[in-house]
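Student: I'm passing along protein10.cif; it holds mmCIF, C-alpha atoms and all ligand atoms.
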data_target
loop_
_atom_site.label_atom_id
_atom_site.label_comp_id
_atom_site.auth_asym_id
_atom_site.auth_seq_id
_atom_site.Cartn_x
_atom_site.Cartn_y
_atom_site.Cartn_z
CA MET A 196 2.30 -27.12 -10.34
CA GLN A 197 1.20 -24.58 -12.91
CA ILE A 198 2.39 -20.98 -12.58
CA SER A 199 1.66 -19.52 -16.03
CA LYS A 200 -0.02 -16.35 -14.71
CA SER A 201 2.92 -15.70 -12.36
CA LYS A 202 5.36 -16.23 -15.22
CA ALA A 203 3.49 -13.77 -17.44
CA LEU A 204 3.35 -11.17 -14.67
CA PHE A 205 7.05 -11.58 -13.93
CA GLU A 206 7.93 -11.12 -17.59
CA LYS A 207 5.84 -7.96 -17.80
CA ALA A 208 7.12 -6.68 -14.44
CA GLN A 209 10.69 -6.77 -15.69
CA ASN A 210 9.83 -4.10 -18.27
CA TYR A 211 8.80 -1.63 -15.60
CA ILE A 212 10.38 -2.60 -12.27
CA PRO A 213 14.11 -3.30 -11.78
CA GLY A 214 14.41 -7.10 -11.74
CA GLY A 215 10.62 -7.26 -11.75
CA VAL A 216 10.25 -6.86 -7.97
CA ASN A 217 10.15 -4.17 -5.30
CA SER A 218 12.54 -6.00 -2.95
CA PRO A 219 15.39 -8.14 -4.39
CA VAL A 220 14.98 -11.56 -2.72
CA ARG A 221 11.41 -11.80 -4.01
CA ALA A 222 12.77 -12.46 -7.51
CA PHE A 223 13.85 -16.02 -6.45
CA ARG A 224 17.29 -15.43 -8.04
CA ALA A 225 19.06 -17.57 -5.42
CA VAL A 226 16.75 -20.54 -5.78
CA GLY A 227 16.11 -20.61 -9.54
CA GLY A 228 12.73 -20.58 -11.24
CA ASP A 229 10.23 -17.75 -11.46
CA PRO A 230 8.70 -16.13 -8.40
CA VAL A 231 5.06 -16.79 -7.65
CA PHE A 232 2.86 -13.69 -7.57
CA ILE A 233 0.48 -13.63 -4.65
CA GLU A 234 -3.22 -12.91 -4.83
CA LYS A 235 -4.33 -13.39 -1.25
CA ALA A 236 -3.55 -14.97 2.09
CA SER A 237 -5.56 -16.14 5.05
CA GLY A 238 -4.49 -17.86 8.28
CA ALA A 239 -1.65 -20.29 7.59
CA HIS A 240 -2.07 -20.19 3.80
CA ILE A 241 -0.98 -17.97 0.96
CA THR A 242 -2.45 -18.31 -2.56
CA ASP A 243 -0.83 -17.31 -5.83
CA VAL A 244 -2.46 -15.84 -8.95
CA ASP A 245 -2.63 -19.32 -10.55
CA GLY A 246 -4.64 -20.60 -7.59
CA ASN A 247 -1.84 -22.64 -5.94
CA SER A 248 -2.08 -22.54 -2.17
CA TYR A 249 0.95 -22.89 0.12
CA ILE A 250 1.49 -23.33 3.85
CA GLU A 251 3.26 -20.22 5.07
CA LEU A 252 6.63 -20.44 6.81
CA ILE A 253 7.77 -16.85 6.23
CA ASN A 254 4.64 -14.87 6.95
CA SER A 255 5.62 -11.69 5.12
CA TRP A 256 9.13 -12.05 6.59
CA GLY A 257 7.82 -11.97 10.14
CA PRO A 258 4.93 -9.60 10.69
CA MET A 259 2.06 -12.08 10.36
CA ILE A 260 2.67 -13.80 13.71
CA LEU A 261 -1.05 -14.57 14.11
CA GLY A 262 -1.38 -15.79 10.52
CA HIS A 263 -2.64 -13.78 7.54
CA ASN A 264 -5.64 -11.50 7.43
CA HIS A 265 -6.46 -11.96 11.11
CA PRO A 266 -10.08 -10.79 11.66
CA MET A 267 -9.15 -8.64 14.65
CA ILE A 268 -6.53 -6.69 12.70
CA LYS A 269 -8.67 -6.46 9.59
CA GLU A 270 -11.52 -4.97 11.64
CA ALA A 271 -9.22 -2.44 13.27
CA ILE A 272 -7.99 -1.31 9.85
CA ILE A 273 -11.49 -1.03 8.35
CA LYS A 274 -12.76 0.91 11.36
CA ALA A 275 -9.82 3.33 11.23
CA MET A 276 -10.29 3.92 7.51
CA GLU A 277 -13.76 5.32 8.06
CA ASN A 278 -12.16 8.38 9.64
CA GLY A 279 -9.61 9.09 6.89
CA THR A 280 -6.29 7.63 5.83
CA SER A 281 -3.68 10.25 6.79
CA PHE A 282 -3.65 13.49 8.76
CA GLY A 283 0.02 14.47 9.18
CA ALA A 284 -0.93 15.55 12.69
CA PRO A 285 -0.80 13.84 16.09
CA THR A 286 -3.48 11.31 17.04
CA ALA A 287 -4.58 9.52 20.21
CA ARG A 288 -3.51 6.16 18.78
CA GLU A 289 0.13 7.27 18.63
CA VAL A 290 0.05 8.05 22.34
CA GLU A 291 -1.59 4.72 23.06
CA ILE A 292 0.89 2.67 21.02
CA ALA A 293 3.88 4.51 22.52
CA GLU A 294 2.60 3.79 26.03
CA LEU A 295 2.03 0.15 25.13
CA ILE A 296 5.50 -0.30 23.60
CA THR A 297 7.25 1.25 26.60
CA GLY A 298 5.37 -1.21 28.81
CA MET A 299 6.32 -4.22 26.69
CA VAL A 300 9.96 -3.65 25.68
CA PRO A 301 12.31 -3.44 28.70
CA SER A 302 14.81 -0.94 27.21
CA ILE A 303 12.28 1.54 25.84
CA GLU A 304 11.32 4.57 27.92
CA LYS A 305 10.50 6.78 24.94
CA VAL A 306 9.78 5.76 21.37
CA ARG A 307 9.45 7.38 17.92
CA MET A 308 7.36 5.73 15.19
CA VAL A 309 8.70 5.53 11.62
CA ASN A 310 7.65 3.66 8.46
CA SER A 311 10.13 0.78 8.15
CA GLY A 312 12.93 -1.09 9.89
CA THR A 313 15.38 0.75 7.64
CA GLU A 314 14.24 4.12 8.94
CA ALA A 315 14.39 2.86 12.51
CA THR A 316 18.04 1.78 12.33
CA MET A 317 19.20 4.82 10.31
CA SER A 318 17.59 7.10 12.86
CA ALA A 319 18.87 5.20 15.88
CA ILE A 320 22.47 5.48 14.68
CA ARG A 321 22.06 9.20 14.04
CA VAL A 322 20.66 9.72 17.53
CA ALA A 323 23.46 7.66 19.12
CA ARG A 324 25.99 9.79 17.25
CA GLY A 325 24.28 13.00 18.30
CA PHE A 326 24.10 11.82 21.91
CA THR A 327 27.74 10.72 22.19
CA GLY A 328 29.30 13.26 19.82
CA LYS A 329 31.22 10.40 18.15
CA ASP A 330 31.10 9.23 14.51
CA LYS A 331 31.97 5.53 14.26
CA PHE A 332 29.82 2.53 15.02
CA ILE A 333 30.35 -1.21 15.18
CA LYS A 334 28.27 -3.58 13.07
CA MET A 335 28.46 -7.37 12.90
CA GLU A 336 29.32 -9.20 9.68
CA GLY A 337 26.25 -10.82 8.12
CA HIS A 338 23.77 -8.79 10.16
CA TYR A 339 21.19 -6.78 8.24
CA HIS A 340 19.81 -3.46 9.41
CA GLY A 341 17.94 -2.36 6.31
CA HIS A 342 19.35 -0.47 3.35
CA GLY A 343 20.74 2.70 4.96
CA ASP A 344 24.13 3.53 3.39
CA SER A 345 26.24 2.91 6.48
CA PHE A 346 24.74 -0.57 6.99
CA LEU A 347 25.36 -1.92 3.49
CA ILE A 348 28.79 -3.16 4.44
CA ALA A 349 29.12 -6.91 5.04
CA ALA A 350 25.32 -6.85 5.13
CA GLY A 351 23.20 -9.96 5.50
CA SER A 352 19.81 -10.95 4.09
CA GLY A 353 19.21 -10.11 0.40
CA ALA A 354 22.59 -8.37 0.25
CA ILE A 355 24.34 -11.74 0.79
CA THR A 356 21.82 -13.58 -1.34
CA MET A 357 22.45 -11.19 -4.26
CA GLY A 358 26.22 -11.38 -3.75
CA ALA A 359 26.46 -7.67 -2.86
CA PRO A 360 27.16 -7.42 0.87
CA ASP A 361 29.08 -4.19 0.16
CA SER A 362 26.84 -2.13 -2.08
CA PRO A 363 28.14 0.21 -4.79
CA GLY A 364 26.84 3.71 -4.16
CA VAL A 365 28.00 3.80 -0.55
CA THR A 366 30.82 6.35 -0.39
CA LYS A 367 34.22 5.55 1.11
CA GLY A 368 33.62 8.42 3.49
CA THR A 369 30.49 6.73 4.83
CA ALA A 370 32.00 3.24 4.90
CA LYS A 371 35.01 4.29 6.96
CA ASP A 372 32.81 4.98 9.99
CA THR A 373 31.30 1.48 9.97
CA LEU A 374 33.59 -0.87 11.92
CA LEU A 375 33.03 -4.57 11.31
CA ALA A 376 33.25 -7.41 13.78
CA PRO A 377 32.42 -11.11 13.63
CA TYR A 378 29.34 -12.07 15.67
CA ASN A 379 29.77 -14.12 18.85
CA ASP A 380 33.38 -12.98 19.36
CA LEU A 381 33.90 -10.68 22.36
CA GLU A 382 37.66 -10.54 21.89
CA ALA A 383 37.19 -9.02 18.42
CA ILE A 384 35.05 -6.26 19.96
CA GLU A 385 37.66 -5.56 22.64
CA LYS A 386 40.32 -5.16 19.93
CA LEU A 387 38.13 -2.91 17.80
CA VAL A 388 37.21 -0.72 20.76
CA LEU A 389 40.86 -0.38 21.77
CA ALA A 390 41.94 0.52 18.24
CA ASN A 391 39.20 3.18 18.05
CA LYS A 392 39.34 4.44 21.64
CA ASN A 393 36.74 7.17 22.35
CA GLU A 394 35.58 7.21 18.73
CA VAL A 395 32.77 4.64 18.81
CA ALA A 396 29.26 6.04 19.23
CA ALA A 397 27.30 2.80 19.03
CA LEU A 398 27.38 -0.93 18.68
CA ILE A 399 24.39 -2.26 16.75
CA LEU A 400 23.49 -5.91 16.30
CA GLU A 401 20.65 -8.33 15.89
CA PRO A 402 20.78 -9.96 19.35
CA VAL A 403 19.56 -13.16 17.68
CA PRO A 404 20.54 -12.68 14.04
CA GLY A 405 18.13 -13.99 11.43
CA ASN A 406 19.67 -12.46 8.33
CA MET A 407 22.48 -14.95 7.70
CA GLY A 408 20.07 -17.75 8.49
CA LEU A 409 19.21 -18.00 12.18
CA VAL A 410 22.20 -17.86 14.54
CA LEU A 411 22.08 -17.92 18.34
CA PRO A 412 24.23 -15.88 20.74
CA LYS A 413 26.79 -17.92 22.69
CA ALA A 414 26.32 -17.99 26.47
CA GLY A 415 27.53 -14.71 27.98
CA TYR A 416 27.98 -12.96 24.63
CA LEU A 417 25.21 -10.36 24.96
CA GLU A 418 26.15 -9.76 28.60
CA GLY A 419 29.77 -9.26 27.51
CA LEU A 420 28.74 -6.67 24.93
CA ARG A 421 26.70 -4.86 27.57
CA LYS A 422 29.77 -4.68 29.86
CA ILE A 423 32.09 -3.39 27.13
CA CYS A 424 29.57 -0.73 26.05
CA ASP A 425 29.06 0.41 29.67
CA ARG A 426 32.81 0.65 30.23
CA GLU A 427 33.48 2.54 26.98
CA GLY A 428 30.43 4.84 26.88
CA ILE A 429 29.12 3.17 23.70
CA VAL A 430 25.38 3.14 22.99
CA LEU A 431 24.30 -0.52 22.71
CA ILE A 432 21.55 -0.90 20.11
CA PHE A 433 19.59 -4.12 19.70
CA ASP A 434 18.01 -4.34 16.27
CA GLU A 435 14.88 -6.30 17.13
CA VAL A 436 13.05 -5.69 13.86
CA MET A 437 12.75 -9.49 13.54
CA THR A 438 12.86 -10.65 17.15
CA GLY A 439 10.77 -7.86 18.72
CA PHE A 440 7.32 -9.08 19.84
CA ARG A 441 8.26 -12.47 18.32
CA LEU A 442 10.56 -14.30 20.73
CA ALA A 443 8.61 -12.77 23.63
CA LYS A 444 6.48 -9.69 24.04
CA GLY A 445 9.66 -7.88 25.11
CA GLY A 446 11.76 -9.48 22.37
CA ALA A 447 15.22 -11.06 22.68
CA GLN A 448 16.19 -8.57 25.38
CA GLU A 449 13.49 -10.03 27.63
CA ILE A 450 14.56 -13.62 26.98
CA PHE A 451 18.29 -13.06 27.44
CA GLY A 452 17.89 -10.55 30.27
CA VAL A 453 20.23 -8.02 28.67
CA THR A 454 18.89 -4.48 28.31
CA PRO A 455 20.35 -2.36 25.50
CA ASP A 456 20.36 1.46 25.53
CA MET A 457 18.29 1.63 22.35
CA THR A 458 16.09 -0.78 20.39
CA THR A 459 14.87 -0.75 16.80
CA LEU A 460 11.59 -2.39 15.85
CA GLY A 461 9.60 -3.20 12.71
CA LYS A 462 7.55 -6.01 11.15
CA ILE A 463 5.11 -7.23 13.87
CA ILE A 464 4.76 -3.71 15.29
CA GLY A 465 2.68 -2.72 12.25
CA GLY A 466 0.46 -5.79 12.11
CA GLY A 467 1.33 -6.06 8.40
CA MET A 468 1.27 -2.30 7.68
CA PRO A 469 4.52 -0.39 6.96
CA VAL A 470 5.73 0.58 10.44
CA GLY A 471 9.02 0.77 12.30
CA ALA A 472 10.06 2.35 15.57
CA TYR A 473 13.12 3.20 17.57
CA GLY A 474 13.31 3.90 21.26
CA GLY A 475 15.43 3.66 24.36
CA LYS A 476 16.55 5.48 27.44
CA LYS A 477 14.87 8.81 28.10
CA GLU A 478 18.12 10.77 28.15
CA ILE A 479 19.07 9.45 24.71
CA MET A 480 15.61 9.83 23.13
CA GLU A 481 15.40 13.39 24.45
CA PHE A 482 18.00 14.20 21.78
CA VAL A 483 15.38 13.60 19.07
CA SER A 484 13.77 16.68 17.49
CA PRO A 485 11.71 18.61 18.61
CA ALA A 486 12.76 17.64 22.16
CA GLY A 487 16.42 17.83 21.11
CA PRO A 488 18.71 18.72 18.21
CA VAL A 489 18.89 15.44 16.21
CA TYR A 490 16.53 15.77 13.25
CA GLN A 491 14.24 12.95 12.19
CA ALA A 492 10.76 13.28 10.68
CA GLY A 493 8.14 11.60 8.46
CA THR A 494 5.06 12.75 6.52
CA LEU A 495 3.35 9.40 7.06
CA SER A 496 4.94 8.50 10.41
CA GLY A 497 2.32 7.39 12.93
CA ASN A 498 -0.17 6.92 10.07
CA PRO A 499 -3.63 6.32 11.57
CA ILE A 500 -4.37 3.11 9.64
CA ALA A 501 -0.94 1.66 10.36
CA MET A 502 -1.25 2.58 14.03
CA ALA A 503 -4.68 0.93 14.23
CA ALA A 504 -3.26 -2.32 12.84
CA GLY A 505 -0.21 -2.16 15.09
CA LEU A 506 -2.27 -1.38 18.16
CA ALA A 507 -4.61 -4.31 17.54
CA MET A 508 -1.58 -6.61 17.17
CA LEU A 509 0.34 -5.34 20.21
CA HIS A 510 -2.72 -5.22 22.48
CA HIS A 511 -3.36 -8.85 21.61
CA LEU A 512 0.24 -9.95 22.22
CA ASN A 513 0.42 -7.97 25.45
CA SER A 514 -2.79 -9.38 26.88
CA THR A 515 -2.42 -12.97 25.61
CA PRO A 516 0.90 -14.28 26.98
CA GLU A 517 -0.04 -17.85 25.95
CA VAL A 518 0.65 -16.81 22.33
CA TYR A 519 4.34 -17.30 23.03
CA ALA A 520 3.90 -20.76 24.59
CA THR A 521 1.84 -21.71 21.51
CA LEU A 522 4.51 -20.41 19.12
CA ASP A 523 7.28 -22.17 21.07
CA SER A 524 5.36 -25.42 20.95
CA ILE A 525 4.76 -25.11 17.18
CA GLY A 526 8.48 -24.41 16.67
CA ASP A 527 9.46 -27.38 18.86
CA LYS A 528 7.13 -29.76 17.02
CA ILE A 529 8.40 -28.78 13.57
CA VAL A 530 12.07 -28.84 14.54
CA THR A 531 11.69 -32.19 16.36
CA GLY A 532 10.03 -33.61 13.24
CA TYR A 533 12.84 -32.26 11.06
CA ARG A 534 15.51 -33.71 13.36
CA ASN A 535 13.80 -37.13 13.29
CA SER A 536 13.80 -37.03 9.50
CA LEU A 537 17.49 -36.05 9.40
CA ASP A 538 18.31 -39.00 11.72
CA LYS A 539 16.26 -41.37 9.60
CA LEU A 540 18.07 -40.24 6.45
CA GLY A 541 21.50 -40.31 8.11
CA LEU A 542 22.04 -36.55 7.64
CA ASN A 543 23.80 -34.24 10.08
CA TYR A 544 22.53 -30.92 8.76
CA THR A 545 22.53 -28.09 11.26
CA ILE A 546 19.26 -26.68 12.54
CA ASN A 547 19.38 -23.45 14.54
CA HIS A 548 16.18 -22.78 16.44
CA ILE A 549 14.64 -20.47 19.01
CA GLY A 550 10.90 -20.14 19.65
CA SER A 551 9.10 -19.51 16.37
CA MET A 552 12.26 -18.90 14.31
CA PHE A 553 14.50 -21.56 12.77
CA SER A 554 16.84 -22.33 9.86
CA LEU A 555 17.85 -25.63 8.31
CA PHE A 556 21.40 -25.26 6.98
CA PHE A 557 22.78 -27.60 4.35
CA THR A 558 26.01 -28.29 6.22
CA ASP A 559 26.99 -30.43 9.21
CA LYS A 560 29.18 -27.64 10.63
CA GLU A 561 28.09 -25.59 13.61
CA ILE A 562 26.87 -22.15 12.50
CA PHE A 563 27.63 -19.32 14.88
CA ASP A 564 28.70 -16.40 12.66
CA PHE A 565 28.84 -15.18 9.05
CA GLU A 566 31.96 -17.19 8.11
CA SER A 567 30.46 -20.46 9.37
CA ALA A 568 27.09 -19.67 7.70
CA LYS A 569 28.92 -19.53 4.37
CA HIS A 570 29.68 -23.28 4.67
CA SER A 571 26.11 -24.06 3.77
CA ASP A 572 25.48 -25.59 0.34
CA THR A 573 23.34 -22.89 -1.28
CA ALA A 574 22.89 -24.82 -4.55
CA LEU A 575 21.37 -27.69 -2.59
CA PHE A 576 19.20 -25.21 -0.70
CA GLY A 577 17.86 -23.95 -4.06
CA LYS A 578 16.78 -27.47 -5.02
CA TYR A 579 15.24 -27.99 -1.60
CA PHE A 580 13.33 -24.70 -1.86
CA GLN A 581 11.83 -25.67 -5.23
CA SER A 582 10.91 -29.13 -4.02
CA MET A 583 9.16 -27.69 -0.94
CA LEU A 584 7.34 -25.09 -3.05
CA HIS A 585 6.04 -27.84 -5.33
CA LYS A 586 4.81 -29.68 -2.24
CA GLY A 587 2.88 -26.60 -1.16
CA ILE A 588 5.27 -25.16 1.43
CA TYR A 589 6.30 -21.53 1.10
CA LEU A 590 9.82 -20.88 2.44
CA ALA A 591 12.10 -17.86 2.39
CA PRO A 592 13.81 -18.06 -1.03
CA SER A 593 17.34 -17.96 0.39
CA GLN A 594 19.50 -19.99 2.74
CA PHE A 595 20.45 -16.78 4.53
CA GLU A 596 17.08 -16.12 6.13
CA SER A 597 15.21 -17.41 9.12
CA LEU A 598 11.75 -18.94 8.85
CA PHE A 599 8.94 -17.31 10.85
CA LEU A 600 6.08 -19.38 12.22
CA SER A 601 2.57 -18.23 13.05
CA THR A 602 -0.06 -19.32 15.57
CA ALA A 603 -2.23 -20.39 12.60
CA LEU A 604 -0.18 -23.60 12.14
CA THR A 605 -2.35 -26.48 13.37
CA ASP A 606 -1.03 -29.96 14.22
CA ASP A 607 -2.32 -31.23 10.91
CA LEU A 608 -0.42 -28.54 8.98
CA ILE A 609 2.68 -29.21 11.08
CA SER A 610 2.63 -32.90 10.04
CA GLN A 611 2.22 -31.86 6.41
CA ILE A 612 5.28 -29.61 6.74
CA ILE A 613 7.36 -32.37 8.37
CA THR A 614 6.37 -34.90 5.70
CA ALA A 615 7.10 -32.45 2.88
CA ASN A 616 10.51 -31.69 4.39
CA GLU A 617 11.44 -35.39 4.56
CA GLU A 618 10.18 -36.07 1.05
CA SER A 619 12.05 -33.05 -0.32
CA LEU A 620 15.31 -34.10 1.33
CA LYS A 621 14.94 -37.59 -0.16
CA GLU A 622 14.16 -36.13 -3.56
CA ILE A 623 17.10 -33.71 -3.76
CA LEU A 624 19.60 -36.18 -2.34
CA GLY A 625 18.32 -39.14 -4.38
CA LYS A 626 17.68 -41.20 -1.22
N1 LIG A 701 16.68 -4.88 10.71
C1 LIG A 701 16.47 -6.20 10.67
C2 LIG A 701 17.02 -7.06 11.75
C3 LIG A 701 15.73 -6.75 9.63
O1 LIG A 701 15.55 -8.07 9.59
C4 LIG A 701 15.22 -5.91 8.63
C5 LIG A 701 14.39 -6.44 7.46
N2 LIG A 701 14.33 -7.76 7.29
C6 LIG A 701 15.45 -4.54 8.72
C7 LIG A 701 16.17 -4.06 9.78
C8 LIG A 701 14.92 -3.58 7.69
O2 LIG A 701 13.55 -3.48 7.80
P1 LIG A 701 12.67 -2.97 6.54
O3 LIG A 701 12.78 -4.02 5.50
O4 LIG A 701 11.31 -2.79 7.12
O5 LIG A 701 13.26 -1.66 6.11
#
Once more with this new file: its structure as structure tokens, please.
Tutor:
Amino acid sequence: MQISKSKALFEKAQNYIPGGVNSPVRAFRAVGGDPVFIEKASGAHITDVDGNSYIELINSWGPMILGHNHPMIKEAIIKAMENGTSFGAPTAREVEIAELITGMVPSIEKVRMVNSGTEATMSAIRVARGFTGKDKFIKMEGHYHGHGDSFLIAAGSGAITMGAPDSPGVTKGTAKDTLLAPYNDLEAIEKLVLANKNEVAALILEPVPGNMGLVLPKAGYLEGLRKICDREGIVLIFDEVMTGFRLAKGGAQEIFGVTPDMTTLGKIIGGGMPVGAYGGKKEIMEFVSPAGPVYQAGTLSGNPIAMAAGLAMLHHLNSTPEVYATLDSIGDKIVTGYRNSLDKLGLNYTINHIGSMFSLFFTDKEIFDFESAKHSDTALFGKYFQSMLHKGIYLAPSQFESLFLSTALTDDLISQIITANEESLKEILGK
């Protein structure tokens, strides 16, 4: 594989952009080698500037659930652009998307559009604090909620990958209001709540975390959190930036039947454009300005082009329920193929899987929280990543991420992925 144009671009980029990239994990630091620079993508494939084409298993970290450059979304964007790119004033599309979201996501009665997942979570915490009049909140170790100051403590995703789960620049004053708990451990929450009686505004978590690799909630865990939050008057926030509109049209909350008080959304909601949203119970969302006193705003929030892309995506997902059966079946086929290969090669590596999200961990230990995720052999993952890339499969460049599948993966592509996986495992393990 030849990546000379990517190499040249990366070298130049480092003169002008910190680390050469606009989001850290893109630099491939955790997997070695230079990042490939992308020129275009269509359906299940992404193509770099040297003309190498790869089968996509991250899909822009989640948004491209129907594959890249879907004609329906492209048309919606082009049509919207004919009327101008930004107004900074309300539009009909914002009303339409808000109505659609409240119909799809069980917990959301009112919703506010923002420009990223980071903005959604930062705003949700502020609103929960304003609503309860309390300062502290509980966050799970290894979960990622974007780069807001109060979340960069034991943070997952790129923060783990870069070895900086606790970022410099976050003041002690801010950090003291973020209480940490291990995921999947109700007893730890009970203890934390008792030690901070009447001081906890919110508990935020990824119901199905994908930012320390994919981890599933133990039976009864989400229900248990719901009970504790009800008892203690704590606002339960599900961060469904990854899982929203992916695991089901109503996200993880629909699948697990547990309704949080607030939900944060991103990725798929913008159809590939920069969009996030937060919403929840009416009485909480009525605290948001100008309805209420908690300030939150955005020059480009509800941007007409972004809303057109998001609307096209959500309308499709809402009116085509078979999308989720298709995604589940694609996920099942790939994971079954991977498991067969592991058996054949006498390997006991852990695969965590739900619907169209999965992670292959280079450890035989069960992975159910941040501590257990750390057992994975990240050096081996780096070799595996490079081997897969050279076989034309584009993975997330870190062990601590989930993969995201799209409906564009045909049976033929699925077999290519399974074969590449088996060959890569053989190659890196010398089997
Ligand atoms: N929450 C979760 C669960 C996420 O996975 C992410 C991003 N991967 C974010 C929040 C932040 O979203 P953004 O990168 O759009 O700011």
Student: Do you know which residues are at most 7 Å from stretch 443-457 of chain A counting all atoms listed in the file, after dropping those on the same chain fewer than 5 positions away, and could you put them as a ChimeraX atom specification?
Tutor: /A:299-303,402-403,417-418,430-433,435,438,474-476,512-513,519
Student: Within 6 Å of ligand LIG 701 (chain A) (counting all atoms listed in the file), which residues show up? I'd like them as an mmCIF file with C-alpha atoms, in the coordinates of the input.
Tutor:
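The result, written out as out14.cif:
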data_model
loop_
_atom_site.group_PDB
_atom_site.id
_atom_site.type_symbol
_atom_site.label_atom_id
_atom_site.label_comp_id
_atom_site.auth_asym_id
_atom_site.auth_seq_id
_atom_site.Cartn_x
_atom_site.Cartn_y
_atom_site.Cartn_z
ATOM 1 C CA SER A 311 10.130 0.780 8.150
ATOM 2 C CA GLY A 312 12.930 -1.090 9.890
ATOM 3 C CA THR A 313 15.380 0.750 7.640
ATOM 4 C CA TYR A 339 21.190 -6.780 8.240
ATOM 5 C CA HIS A 340 19.810 -3.460 9.410
ATOM 6 C CA GLY A 341 17.940 -2.360 6.310
ATOM 7 C CA GLU A 401 20.650 -8.330 15.890
ATOM 8 C CA ASP A 434 18.010 -4.340 16.270
ATOM 9 C CA GLU A 435 14.880 -6.300 17.130
ATOM 10 C CA VAL A 436 13.050 -5.690 13.860
ATOM 11 C CA MET A 437 12.750 -9.490 13.540
ATOM 12 C CA GLY A 461 9.600 -3.200 12.710
#
Student: Which of these residues is nearest to A:Leu542, using all atoms listed in the file: A:Leu620, A:Ile241, A:Ile268, A:Ala319?
Tutor: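 The closest residue to A:Leu542 is A:Leu620.
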Student: In Å, with one decimal, what is the gap from atom CA of A:Glu385 to atom CA of A:Ile549?
Tutor: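 Those two atoms sit 27.7 Å apart.
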Student: So which residues touch stretch 470-472 of chain A within 9 Å, counting all atoms listed in the file, skipping near sequence neighbours fewer than 6 positions away, as a ChimeraX atom specification?
Tutor: /A:306-316,436,458-464,496-498,501-502,505
Student: May I have the residues from that selection written out with C-alpha atoms, as a compact mmCIF listing (two decimals), keeping the file's coordinate frame?
Tutor:
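Result file follows (again_1.txt):
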# COMPACT_ATOMS: atom_id res chain seq x y z
CA VAL A 306 9.78 5.76 21.37
CA ARG A 307 9.45 7.38 17.92
CA MET A 308 7.36 5.73 15.19
CA VAL A 309 8.70 5.53 11.62
CA ASN A 310 7.65 3.66 8.46
CA SER A 311 10.13 0.78 8.15
CA GLY A 312 12.93 -1.09 9.89
CA THR A 313 15.38 0.75 7.64
CA GLU A 314 14.24 4.12 8.94
CA ALA A 315 14.39 2.86 12.51
CA THR A 316 18.04 1.78 12.33
CA VAL A 436 13.05 -5.69 13.86
CA THR A 458 16.09 -0.78 20.39
CA THR A 459 14.87 -0.75 16.80
CA LEU A 460 11.59 -2.39 15.85
CA GLY A 461 9.60 -3.20 12.71
CA LYS A 462 7.55 -6.01 11.15
CA ILE A 463 5.11 -7.23 13.87
CA ILE A 464 4.76 -3.71 15.29
CA SER A 496 4.94 8.50 10.41
CA GLY A 497 2.32 7.39 12.93
CA ASN A 498 -0.17 6.92 10.07
CA ALA A 501 -0.94 1.66 10.36
CA MET A 502 -1.25 2.58 14.03
CA GLY A 505 -0.21 -2.16 15.09
Student: Would you mind telling me which residue in A:Val489, A:Val518, A:Leu608, A:Leu261 lies nearest to A:Leu442 when using all atoms listed in the file?
Tutor: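 Closest to A:Leu442, using all atoms listed in the file: A:Val518.
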Student: What would the list of residues within 8 Å of (33.5, -5.8, 8.3) (file frame) look like as a list in words, if all atoms listed in the file are what count?
Tutor: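 Taken together, the residues in range are Lys334, Met335, Glu336, Ile348, Ala349, Thr373, Leu374, Leu375, Ala376 and Pro377 of chain A.
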Student: Produce a table with one row for each residue of stretch 298-409 of chain A that has an atom at most 9 Å from any atom of stretch 557-581 of chain A, each row naming the nearest atom pair and its distance in Å at one decimal; use all atoms listed in the file; arrange rows by chain and rising residue number; format as JSON lines.
Tutor:
{"residue": "A:Met335", "atom": "CA", "partner": "A:Phe565", "partner_atom": "CA", "distance": 8.7}
{"residue": "A:Glu336", "atom": "CA", "partner": "A:Phe565", "partner_atom": "CA", "distance": 6.0}
{"residue": "A:Gly337", "atom": "CA", "partner": "A:Phe565", "partner_atom": "CA", "distance": 5.2}
{"residue": "A:His338", "atom": "CA", "partner": "A:Phe565", "partner_atom": "CA", "distance": 8.2}
{"residue": "A:Gly351", "atom": "CA", "partner": "A:Phe565", "partner_atom": "CA", "distance": 8.5}
{"residue": "A:Pro377", "atom": "CA", "partner": "A:Asp564", "partner_atom": "CA", "distance": 6.5}
{"residue": "A:Tyr378", "atom": "CA", "partner": "A:Asp564", "partner_atom": "CA", "distance": 5.3}
{"residue": "A:Asn379", "atom": "CA", "partner": "A:Asp564", "partner_atom": "CA", "distance": 6.7}
{"residue": "A:Asp380", "atom": "CA", "partner": "A:Asp564", "partner_atom": "CA", "distance": 8.9}
{"residue": "A:Met407", "atom": "CA", "partner": "A:Phe565", "partner_atom": "CA", "distance": 6.5}
{"residue": "A:Gly408", "atom": "CA", "partner": "A:Ala568", "partner_atom": "CA", "distance": 7.3}
{"residue": "A:Leu409", "atom": "CA", "partner": "A:Ile562", "partner_atom": "CA", "distance": 8.7}
Student: Would you compute the distance between atom CA of A:Leu584 and atom CA of A:Phe223? Give it in Å to one decimal.
Tutor: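 Rounded to one decimal, the two atoms are 11.7 Å apart.
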Student: Given all atoms listed in the file as the basis, pick out the residue of A:Val365, A:Thr545, A:Glu618, A:Leu590 nearest to A:Val226.
Tutor: A:Leu590
